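Chemist: Sending over a structure as structure tokens; questions will come in a sec.
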Amino acid sequence: MKAAAEEIERQGAVECVDGGISVSVCHSPDRCGDHAGFYDVEAVRADFPILGQTMHGYPLAYLDSAASAQKPFQVMEAEHAFYARDYANIHRGFYVLSQRATLLYDQARRKVQAFLNARHEHEIVFTRGATDAINLVAASFGEAFLKEGDEVLLTGLEHHSNIVPWQLLREKRGIVLKAAPVNDAGEVPLDEFIRLLGPRTRLAAFTHVSNVLGTVLPIAEMIRAAHEAGAKVLIDASQSVAHAKVDVRALDCDFLAFSGHKLYGPTGIGVLYGKEELLEEMPPYQGGGDMIASVSFERTTYAPLPSKFEAGTPPIAQAVALGAAIDYVTALGLDRVGAHEASLLAYATERLSVIKPLTIVGTAGKKASVLSFVMDGVHPHDIAQMLDSRGVAVRAGHHCAQPLMARLGLPATVRASFGLYNTTAEVDALAEALEEVEGIFLQ
Amino acid sequence: MSDSVELYSKAVLDHGRHPRNRRVIADCSHSAQSDNPSCGDDLSVSLRIDQNDVICEAAFDGRSCVLATASASLMTELLVGKTPAQAKMLFQHFHALAGGDTEKFKDGMEAETARMTVLSGIHAYPVRVRCATLAWKTMLAALEKERSQQ
């Protein structure tokens, strides 16, 4: 695999485009700006021009990376350079530009392949996002493998994007949906999940990390259990790929989906990983150009993987920029990013715990850098509004996970989420603004 | 002090924390329910209109943020003693206020309109306009619904 990665490096595609990502890694902790010291956060922040702003006269503290991450200039530059020098449609032209564009698009796919440690390049399908990727599996895998009465097992933590596609399939196919329950800490107990796996379970589809509570699910054990029960597994990795190394071969998942924009990449691009033998057996998701081998009015034969699942002109520049985002986080090191975010989460949990009317929602043993909370007597929208007036950007609402909110008995929460560029000073700004909220609303 | 803090004025916080007429009128003549899908809030409005076609009782219930609650509380106070036609005009006034329109109306309800201005800061927060207008839209739905059923 290492050899393959080096091979990709050597191929290097078009010289003029590969700008060479450099990020600031802190080798001497005492010289780092942030107390955590895993890398120089201030130097990293300099890569994100949007973060340097003030809001209402206060420094912006962007604590909503779980909704969408901000973009480093390396990603913007990759997209800009592609349009400025190398853009044309792919897989068509005989001219240099089309060949360059095709090469760069394919190179981006190999970057994703290496990022996920997939066995084959053609196991990586570019989609519009994680939602599109899950809909693809529901439509295509559903058509090939699911019959009336077959079961799909979800969990109570799922985002609407991993619920509604299965409900649409239920209406069409008469499949049965089950959801593994969530305990009060916001965890999905493994034994409860296993108990719901039955002889009719064809697929288990669940998130790696809860977007609302930050709970990290024991997906390796869940995948193993599902496989033992004869079910295939789809992982929604939207909330995990930016925080920890995800290795599809080590996990042995059958499908995995994520969105580019949560990984510091552009919007409009996402990834579906699928095992070759499954993708081969699945029918196309959409019909159109680029996904065919030949078309006549009598008979159409489909293109080989992955083109079979990429009908029409794809988001080419966005794929190229997603490759740059992968280079960025890889150069910084996901281990270091994860360690930095874990220290921020621990610090934030400690700071917010002392605010009396505040309750942290989601106390799982293993959490990613998401902190949901409510405040007795103050509506989450009012909290978020007040935080905004102090420059602190957070999400408030049901976070597209209404079944989970119903389970928790809450209409909404406030959610602060941390990315590789956040600092302890921003956590302080959050805590201080919350103390002010307490003063204004609960005095 | 920034705009948000001004938005949460004493008057708004007072209505928000100690809402008036927060209940369901059991023998109401008009009622409606609505929700704000962006936050999962829900709100009901119930009205009792007497034989002289005057709103003699107005109430709201449900769970909502301070702005929606304050707006609903204030609305129930303003509606008592008004005819349905006047209630609809007040809705227009509030709608204009939430949209940032400061035009003065000369329709004999200047005092009521003036009381609404505690929420005039809302127009700077498009996301929150929905919160502040939720009760008013629900009230309008209650009036319209009854008519269509008759």
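Each chain in the structure tokens gets a letter, A, B, ..., in the order shown, and its residues are numbered from 1; ligands are numbered from 1 in order too.
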Excluding Ser65 of chain A and residues on its chain fewer than 4 positions from it, collect all residues at most 9 Å away from it, counting only C-alpha atoms, and give them as a PyMOL selection string.
Modeler: chain A and resi 69-70+262+264+394+416-419
Chemist: Using only C-alpha atoms, I'd like every residue of chain A that has an atom within 8 Å of chain B; please write them out as a list in words.
Modeler: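 Only these qualify: His56, Val378, His379, Pro380, His381, Asp382, Gln385, Met386, Ser389, Ala396, Gly397, His398, Pro411, Ala412 and Phe441 of chain A.
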Chemist: Find the spatial neighbours of Gly288 of chain A, counting only C-alpha atoms, within a cut-off of 10 Å - ignore same-chain residues fewer than 3 positions away - and output them as number ranges by chain.
Modeler: A: 284, 291-292, 308-313
Chemist: Produce a file of the selected residues containing C-alpha atoms, as a PDB file, in the first residue's frame.
Modeler:
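As a result, again21.pdb now contains:
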ATOM      1  CA  PRO A 284     -26.559   2.457 -11.904  1.00  0.00           C
ATOM      2  CA  MET A 291     -21.738   6.280 -17.164  1.00  0.00           C
ATOM      3  CA  ILE A 292     -22.215   4.258 -20.336  1.00  0.00           C
ATOM      4  CA  LYS A 308     -21.085   3.643 -13.782  1.00  0.00           C
ATOM      5  CA  PHE A 309     -22.079   5.697 -10.725  1.00  0.00           C
ATOM      6  CA  GLU A 310     -20.947   9.095 -11.983  1.00  0.00           C
ATOM      7  CA  ALA A 311     -23.530  10.108 -14.565  1.00  0.00           C
ATOM      8  CA  GLY A 312     -23.125  13.538 -16.115  1.00  0.00           C
ATOM      9  CA  THR A 313     -20.328  16.036 -15.664  1.00  0.00           C
TER      10      THR A 313
END
Chemist: Provide the atom CA of Leu136 of chain A to atom CA of Val188 of chain A distance in Å, to one decimal place.
Modeler: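 Computing the Euclidean distance for atom CA of Leu136 of chain A and atom CA of Val188 of chain A yields 25.6 Å.
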Chemist: Using only C-alpha atoms, which residues sit within 10 Å of segment 101-112 of chain B once same-chain residues fewer than 6 positions away are excluded, as a compact mmCIF listing (two decimals) with N, CA and C atoms, in the first residue's frame?
Modeler:
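What landed in out-v5.txt:
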# COMPACT_ATOMS: atom_id res chain seq x y z
N LEU B 74 -47.22 39.71 24.31
CA LEU B 74 -47.62 41.08 23.97
C LEU B 74 -48.85 41.06 23.07
N MET B 75 -48.85 40.16 22.12
CA MET B 75 -49.98 40.08 21.18
C MET B 75 -51.29 39.81 21.91
N GLU B 77 -52.14 40.60 24.79
CA GLU B 77 -52.58 41.81 25.48
C GLU B 77 -53.21 42.81 24.51
N LEU B 78 -52.60 42.90 23.33
CA LEU B 78 -53.06 43.90 22.36
C LEU B 78 -54.40 43.52 21.72
N LEU B 79 -54.68 42.22 21.67
CA LEU B 79 -55.86 41.77 20.92
C LEU B 79 -57.17 41.98 21.67
N LYS B 82 -60.44 44.07 20.55
CA LYS B 82 -60.41 44.37 19.11
C LYS B 82 -61.37 43.46 18.35
N GLN B 86 -59.79 44.44 13.13
CA GLN B 86 -58.70 45.21 13.76
C GLN B 86 -57.50 44.32 14.07
N MET B 89 -55.52 44.02 11.09
CA MET B 89 -54.73 45.23 10.84
C MET B 89 -53.51 45.27 11.74
N LEU B 90 -53.68 44.85 12.99
CA LEU B 90 -52.53 44.80 13.91
C LEU B 90 -51.48 43.82 13.38
N HIS B 93 -49.54 45.61 10.88
CA HIS B 93 -48.60 46.53 11.52
C HIS B 93 -47.37 45.78 12.03
N PHE B 94 -47.62 44.64 12.68
CA PHE B 94 -46.49 43.90 13.24
C PHE B 94 -45.61 43.36 12.12
N HIS B 95 -46.25 42.87 11.07
CA HIS B 95 -45.52 42.35 9.93
C HIS B 95 -44.61 43.43 9.34
N SER B 120 -39.01 46.03 17.68
CA SER B 120 -38.65 46.54 16.34
C SER B 120 -37.23 46.16 15.93
N HIS B 123 -35.95 43.20 13.04
CA HIS B 123 -35.78 43.21 11.58
C HIS B 123 -34.32 43.04 11.17
Chemist: Running DSSP on the backbone, which parts of segment 48-147 of chain B land in helix (DSSP H, G or I), as an mmCIF file with N, CA and C atoms, in the first residue's frame?
Modeler:
data_model
loop_
_atom_site.group_PDB
_atom_site.id
_atom_site.type_symbol
_atom_site.label_atom_id
_atom_site.label_comp_id
_atom_site.auth_asym_id
_atom_site.auth_seq_id
_atom_site.Cartn_x
_atom_site.Cartn_y
_atom_site.Cartn_z
ATOM 1 N N VAL B 66 -37.412 33.112 23.831
ATOM 2 C CA VAL B 66 -37.842 34.350 24.490
ATOM 3 C C VAL B 66 -38.546 35.284 23.504
ATOM 4 N N LEU B 67 -38.006 35.410 22.304
ATOM 5 C CA LEU B 67 -38.585 36.356 21.347
ATOM 6 C C LEU B 67 -39.990 35.931 20.934
ATOM 7 N N ALA B 68 -40.163 34.646 20.635
ATOM 8 C CA ALA B 68 -41.486 34.158 20.244
ATOM 9 C C ALA B 68 -42.464 34.278 21.409
ATOM 10 N N THR B 69 -41.979 33.971 22.591
ATOM 11 C CA THR B 69 -42.827 34.030 23.774
ATOM 12 C C THR B 69 -43.229 35.479 24.078
ATOM 13 N N ALA B 70 -42.253 36.376 24.040
ATOM 14 C CA ALA B 70 -42.541 37.784 24.330
ATOM 15 C C ALA B 70 -43.514 38.350 23.308
ATOM 16 N N SER B 71 -43.301 38.007 22.058
ATOM 17 C CA SER B 71 -44.163 38.501 20.996
ATOM 18 C C SER B 71 -45.591 37.988 21.186
ATOM 19 N N ALA B 72 -45.712 36.700 21.539
ATOM 20 C CA ALA B 72 -47.029 36.103 21.752
ATOM 21 C C ALA B 72 -47.723 36.732 22.956
ATOM 22 N N SER B 73 -46.953 36.925 24.014
ATOM 23 C CA SER B 73 -47.508 37.501 25.235
ATOM 24 C C SER B 73 -48.042 38.915 24.966
ATOM 25 N N LEU B 74 -47.217 39.710 24.309
ATOM 26 C CA LEU B 74 -47.617 41.081 23.970
ATOM 27 C C LEU B 74 -48.853 41.062 23.070
ATOM 28 N N MET B 75 -48.849 40.156 22.119
ATOM 29 C CA MET B 75 -49.977 40.079 21.179
ATOM 30 C C MET B 75 -51.295 39.813 21.912
ATOM 31 N N THR B 76 -51.259 38.884 22.843
ATOM 32 C CA THR B 76 -52.519 38.552 23.537
ATOM 33 C C THR B 76 -53.045 39.762 24.298
ATOM 34 N N GLU B 77 -52.138 40.597 24.788
ATOM 35 C CA GLU B 77 -52.578 41.815 25.482
ATOM 36 C C GLU B 77 -53.206 42.807 24.512
ATOM 37 N N LEU B 78 -52.602 42.902 23.330
ATOM 38 C CA LEU B 78 -53.064 43.901 22.359
ATOM 39 C C LEU B 78 -54.400 43.515 21.721
ATOM 40 N N LEU B 79 -54.678 42.223 21.671
ATOM 41 C CA LEU B 79 -55.857 41.774 20.917
ATOM 42 C C LEU B 79 -57.171 41.984 21.669
ATOM 43 N N PRO B 84 -62.092 41.173 14.878
ATOM 44 C CA PRO B 84 -61.201 40.404 14.001
ATOM 45 C C PRO B 84 -60.558 41.273 12.920
ATOM 46 N N ALA B 85 -61.318 42.235 12.386
ATOM 47 C CA ALA B 85 -60.758 43.114 11.346
ATOM 48 C C ALA B 85 -59.602 43.932 11.907
ATOM 49 N N GLN B 86 -59.787 44.437 13.127
ATOM 50 C CA GLN B 86 -58.703 45.214 13.760
ATOM 51 C C GLN B 86 -57.503 44.316 14.067
ATOM 52 N N ALA B 87 -57.795 43.076 14.485
ATOM 53 C CA ALA B 87 -56.707 42.132 14.775
ATOM 54 C C ALA B 87 -55.862 41.905 13.531
ATOM 55 N N LYS B 88 -56.542 41.812 12.386
ATOM 56 C CA LYS B 88 -55.800 41.610 11.131
ATOM 57 C C LYS B 88 -54.965 42.835 10.773
ATOM 58 N N MET B 89 -55.520 44.018 11.093
ATOM 59 C CA MET B 89 -54.727 45.232 10.844
ATOM 60 C C MET B 89 -53.505 45.269 11.743
ATOM 61 N N LEU B 90 -53.681 44.852 12.994
ATOM 62 C CA LEU B 90 -52.532 44.801 13.905
ATOM 63 C C LEU B 90 -51.483 43.822 13.384
ATOM 64 N N PHE B 91 -51.957 42.721 12.822
ATOM 65 C CA PHE B 91 -51.030 41.766 12.206
ATOM 66 C C PHE B 91 -50.206 42.471 11.122
ATOM 67 N N GLN B 92 -50.908 43.250 10.276
ATOM 68 C CA GLN B 92 -50.200 43.988 9.213
ATOM 69 C C GLN B 92 -49.151 44.926 9.805
ATOM 70 N N HIS B 93 -49.541 45.607 10.881
ATOM 71 C CA HIS B 93 -48.600 46.533 11.522
ATOM 72 C C HIS B 93 -47.372 45.783 12.028
ATOM 73 N N PHE B 94 -47.623 44.643 12.676
ATOM 74 C CA PHE B 94 -46.486 43.904 13.240
ATOM 75 C C PHE B 94 -45.605 43.357 12.123
ATOM 76 N N HIS B 95 -46.246 42.870 11.075
ATOM 77 C CA HIS B 95 -45.521 42.352 9.927
ATOM 78 C C HIS B 95 -44.607 43.429 9.343
ATOM 79 N N ALA B 96 -45.154 44.647 9.235
ATOM 80 C CA ALA B 96 -44.370 45.778 8.703
ATOM 81 C C ALA B 96 -43.204 46.091 9.636
ATOM 82 N N LEU B 97 -43.474 46.099 10.926
ATOM 83 C CA LEU B 97 -42.443 46.392 11.929
ATOM 84 C C LEU B 97 -41.306 45.378 11.853
ATOM 85 N N ALA B 98 -41.682 44.101 11.741
ATOM 86 C CA ALA B 98 -40.673 43.036 11.685
ATOM 87 C C ALA B 98 -39.854 43.120 10.401
ATOM 88 N N GLU B 110 -52.722 53.579 17.238
ATOM 89 C CA GLU B 110 -51.341 54.056 17.371
ATOM 90 C C GLU B 110 -50.712 53.583 18.684
ATOM 91 N N ALA B 111 -51.513 53.563 19.744
ATOM 92 C CA ALA B 111 -50.969 53.162 21.049
ATOM 93 C C ALA B 111 -50.516 51.700 21.008
ATOM 94 N N GLU B 112 -51.331 50.856 20.374
ATOM 95 C CA GLU B 112 -50.990 49.438 20.268
ATOM 96 C C GLU B 112 -49.722 49.266 19.434
ATOM 97 N N THR B 113 -49.678 49.982 18.328
ATOM 98 C CA THR B 113 -48.509 49.892 17.443
ATOM 99 C C THR B 113 -47.250 50.353 18.182
ATOM 100 N N ALA B 114 -47.411 51.387 18.989
ATOM 101 C CA ALA B 114 -46.255 51.896 19.740
ATOM 102 C C ALA B 114 -45.741 50.827 20.709
ATOM 103 N N ARG B 115 -46.651 50.079 21.309
ATOM 104 C CA ARG B 115 -46.201 49.047 22.252
ATOM 105 C C ARG B 115 -45.412 47.934 21.555
ATOM 106 N N MET B 116 -45.751 47.725 20.298
ATOM 107 C CA MET B 116 -45.029 46.683 19.537
ATOM 108 C C MET B 116 -43.561 47.028 19.327
ATOM 109 N N THR B 117 -43.238 48.310 19.371
ATOM 110 C CA THR B 117 -41.883 48.715 18.964
ATOM 111 C C THR B 117 -40.796 48.151 19.876
ATOM 112 N N VAL B 118 -41.170 47.575 21.020
ATOM 113 C CA VAL B 118 -40.131 46.913 21.827
ATOM 114 C C VAL B 118 -39.486 45.770 21.046
ATOM 115 N N LEU B 119 -40.183 45.299 20.003
ATOM 116 C CA LEU B 119 -39.630 44.208 19.193
ATOM 117 C C LEU B 119 -39.104 44.694 17.840
ATOM 118 N N SER B 120 -39.006 46.029 17.675
ATOM 119 C CA SER B 120 -38.648 46.543 16.341
ATOM 120 C C SER B 120 -37.233 46.159 15.931
ATOM 121 N N GLY B 121 -36.346 45.847 16.923
ATOM 122 C CA GLY B 121 -34.971 45.476 16.585
ATOM 123 C C GLY B 121 -34.867 44.173 15.809
ATOM 124 N N ILE B 122 -35.959 43.427 15.806
ATOM 125 C CA ILE B 122 -35.951 42.083 15.216
ATOM 126 C C ILE B 122 -35.615 42.097 13.726
ATOM 127 N N HIS B 123 -35.955 43.197 13.040
ATOM 128 C CA HIS B 123 -35.778 43.206 11.581
ATOM 129 C C HIS B 123 -34.322 43.036 11.171
ATOM 130 N N ALA B 124 -33.402 43.324 12.089
ATOM 131 C CA ALA B 124 -31.979 43.161 11.776
ATOM 132 C C ALA B 124 -31.549 41.691 11.850
ATOM 133 N N PRO B 126 -32.871 38.398 10.406
ATOM 134 C CA PRO B 126 -33.840 37.698 9.545
ATOM 135 C C PRO B 126 -34.241 36.322 10.083
ATOM 136 N N VAL B 127 -33.279 35.612 10.683
ATOM 137 C CA VAL B 127 -33.567 34.266 11.191
ATOM 138 C C VAL B 127 -34.602 34.330 12.317
ATOM 139 N N ARG B 128 -34.554 35.430 13.073
ATOM 140 C CA ARG B 128 -35.432 35.521 14.236
ATOM 141 C C ARG B 128 -36.786 36.150 13.912
ATOM 142 N N VAL B 129 -36.946 36.715 12.720
ATOM 143 C CA VAL B 129 -38.241 37.298 12.357
ATOM 144 C C VAL B 129 -39.326 36.218 12.451
ATOM 145 N N ARG B 130 -38.952 35.004 12.055
ATOM 146 C CA ARG B 130 -39.902 33.889 12.128
ATOM 147 C C ARG B 130 -40.351 33.631 13.563
ATOM 148 N N CYS B 131 -39.423 33.789 14.499
ATOM 149 C CA CYS B 131 -39.764 33.569 15.915
ATOM 150 C C CYS B 131 -40.800 34.607 16.343
ATOM 151 N N ALA B 132 -40.518 35.874 16.012
ATOM 152 C CA ALA B 132 -41.368 36.956 16.504
ATOM 153 C C ALA B 132 -42.739 36.970 15.831
ATOM 154 N N THR B 133 -42.807 36.490 14.599
ATOM 155 C CA THR B 133 -44.089 36.544 13.883
ATOM 156 C C THR B 133 -44.902 35.259 14.036
ATOM 157 N N LEU B 134 -44.330 34.257 14.696
ATOM 158 C CA LEU B 134 -45.002 32.951 14.793
ATOM 159 C C LEU B 134 -46.395 33.081 15.424
ATOM 160 N N ALA B 135 -46.490 33.781 16.549
ATOM 161 C CA ALA B 135 -47.784 33.917 17.240
ATOM 162 C C ALA B 135 -48.780 34.684 16.372
ATOM 163 N N TRP B 136 -48.291 35.719 15.724
ATOM 164 C CA TRP B 136 -49.180 36.547 14.890
ATOM 165 C C TRP B 136 -49.731 35.747 13.719
ATOM 166 N N LYS B 137 -48.871 34.962 13.084
ATOM 167 C CA LYS B 137 -49.336 34.130 11.963
ATOM 168 C C LYS B 137 -50.331 33.083 12.442
ATOM 169 N N THR B 138 -50.080 32.562 13.635
ATOM 170 C CA THR B 138 -50.978 31.548 14.190
ATOM 171 C C THR B 138 -52.338 32.169 14.504
ATOM 172 N N MET B 139 -52.312 33.388 15.029
ATOM 173 C CA MET B 139 -53.558 34.116 15.318
ATOM 174 C C MET B 139 -54.355 34.324 14.038
ATOM 175 N N LEU B 140 -53.646 34.739 12.986
ATOM 176 C CA LEU B 140 -54.316 34.966 11.698
ATOM 177 C C LEU B 140 -54.925 33.666 11.185
ATOM 178 N N ALA B 141 -54.174 32.581 11.329
ATOM 179 C CA ALA B 141 -54.671 31.270 10.902
ATOM 180 C C ALA B 141 -55.928 30.898 11.686
ATOM 181 N N ALA B 142 -55.935 31.218 12.970
ATOM 182 C CA ALA B 142 -57.107 30.913 13.797
ATOM 183 C C ALA B 142 -58.333 31.654 13.279
ATOM 184 N N LEU B 143 -58.149 32.917 12.948
ATOM 185 C CA LEU B 143 -59.280 33.717 12.435
ATOM 186 C C LEU B 143 -59.734 33.211 11.069
ATOM 187 N N GLU B 144 -58.788 32.910 10.203
ATOM 188 C CA GLU B 144 -59.111 32.470 8.842
ATOM 189 C C GLU B 144 -59.767 31.090 8.850
ATOM 190 N N LYS B 145 -59.223 30.226 9.707
ATOM 191 C CA LYS B 145 -59.707 28.856 9.757
ATOM 192 C C LYS B 145 -61.192 28.832 10.101
ATOM 193 N N GLU B 146 -61.544 29.636 11.092
ATOM 194 C CA GLU B 146 -62.942 29.662 11.541
ATOM 195 C C GLU B 146 -63.853 30.107 10.406
ATOM 196 N N ARG B 147 -63.364 31.113 9.682
ATOM 197 C CA ARG B 147 -64.204 31.632 8.600
ATOM 198 C C ARG B 147 -64.459 30.554 7.550
#
